[in-house]
Amino acid sequence: MNIISAISSILYPTECPVCGAVLVKGEETFCTECLMNFPWSDPDFHYHDTILKLKNSNIKNLYSLFNYAKGADSKNLLYAIKYHNRPKLAYKMGVMLGKHLEKHLHGDIIIPIPLHPKRERKRGYNQSVEIARGVSKITAIPFSTKAIHKIKNTSTLTSHNREERFATINGAFELGEASLIKGKEVIIVDDVITTGATVMAAISAMEQAGAKGFTLICVAKTSL
Ligand SMILES: [Zn+2]
């Protein structure tokens with residue numbers, strides 16, 4: 001540790017994004033206790049039930065870094081990367097996701113779920129892009145933000161039931177540069193996947209471009 005980072009760690013101690021404890025020497029991103037007790041998912045687990053319900057045979061796999069149970073402390077991490085201006089934390093989650101899936105993840109291009117431009121300007125970043133950047137760094141699979149765009153500024157889906165989620169998000173994305181995904185195995189990245197309504201809307205925009213197949217990855221998989 002150099003003198004500047006030593007001073008800055010005293011002035012601005014890094015806190016665990018899950019429990020809020022100040023990180024001590026040797027701890028990175030999470031405190032040891034949260035790291036040990038976190039609900040990491042098994043990288044071999046494919047969430048077949050969710051995939052089956054989506055009724056789209058082009059979806060090959062769904063992987064997640066961890067399983068999120070409603071109300072669990074891990075929500076603090078998800079809020080931090082989405083609402084608390086923590087793009088670097090989102091990137092770190094992407095790096096962890098990339099390492100978690102390194103042996104499993106195959107594809108030609110990584111496509112993060114876009115935010116509506118108005119929402120992105122307000123937030124200053126898109127957490128899914130930061131996650132994609134981290135995954136790309138580890139796996140060396142390129143990512144692009146140009147294949148699809150969000151054209152409908154939808155409200156947050158968290159209070160919606162399954163049917164409402166699909167209805168709200170339907171038609172929310174439009175195809176951008178089709179050549180990026182034509183004939184490609186596409187890896188779609190979102191921060192949280194619940195019913196899969198958002199990724200299905202993104203897929204329907206991308207299928208027009210003739211993408212070969214889709215793998216879905218996320219930081220947190222949750223169920224309604
Ligand atoms: Zn902690």
# chains A, B, ... in the order shown; residues from 1 in each chain; ligands from 1
$ select_by_dssp --residues "segment 8-177 of chain A" --states "strand (DSSP E)" --output "list in words"
Ile59, Lys60, Asn61, Leu62, Tyr63, Ser64, Leu65, Phe66, Asn67, Tyr68, Ile109, Ile110, Ile111, Pro112, Ile148, His149, Lys150, Phe173, Glu174 and Leu175 of chain A
$ residues_around --residues "segment 205-218 of chain A" --least-positions-apart "5" --cutoff "8 Å" --atoms "only C-alpha atoms" --output "VMD selection string"
chain A and resid 58 to 65 97 107 147 to 148 171 173 to 175 178 to 179 181 to 193 199
$ residues_near_ligand --ligand "ligand 1" --cutoff "12 Å" --atoms "only C-alpha atoms and all ligand atoms" --output "list in words"
Thr14, Glu15, Cys16, Pro17, Val18, Cys19, Gly20, Ala21, Val22, Leu23, Val24, Glu27, Glu28, Thr29, Phe30, Cys31, Thr32, Glu33, Cys34, Leu35, Met36, Asn37, Phe38, Asp73, Ser74, Asn76 and Leu77 of chain A
$ residues_around --residues "His149 of chain A" --least-positions-apart "2" --cutoff "9 Å" --atoms "only C-alpha atoms" --output "VMD selection string"
chain A and resid 113 to 117 145 to 147 151 172 to 176 202
$ closest_residue --among "A:Leu54, A:Ala72, A:Ile3, A:Ile141" --to "Gly196 of chain A" --atoms "only C-alpha atoms"
A:Leu54
$ closest_residue --among "A:Lys88, A:Ala197, A:Leu224, A:Ile110" --to "Lys55 of chain A" --atoms "only C-alpha atoms"
A:Ala197
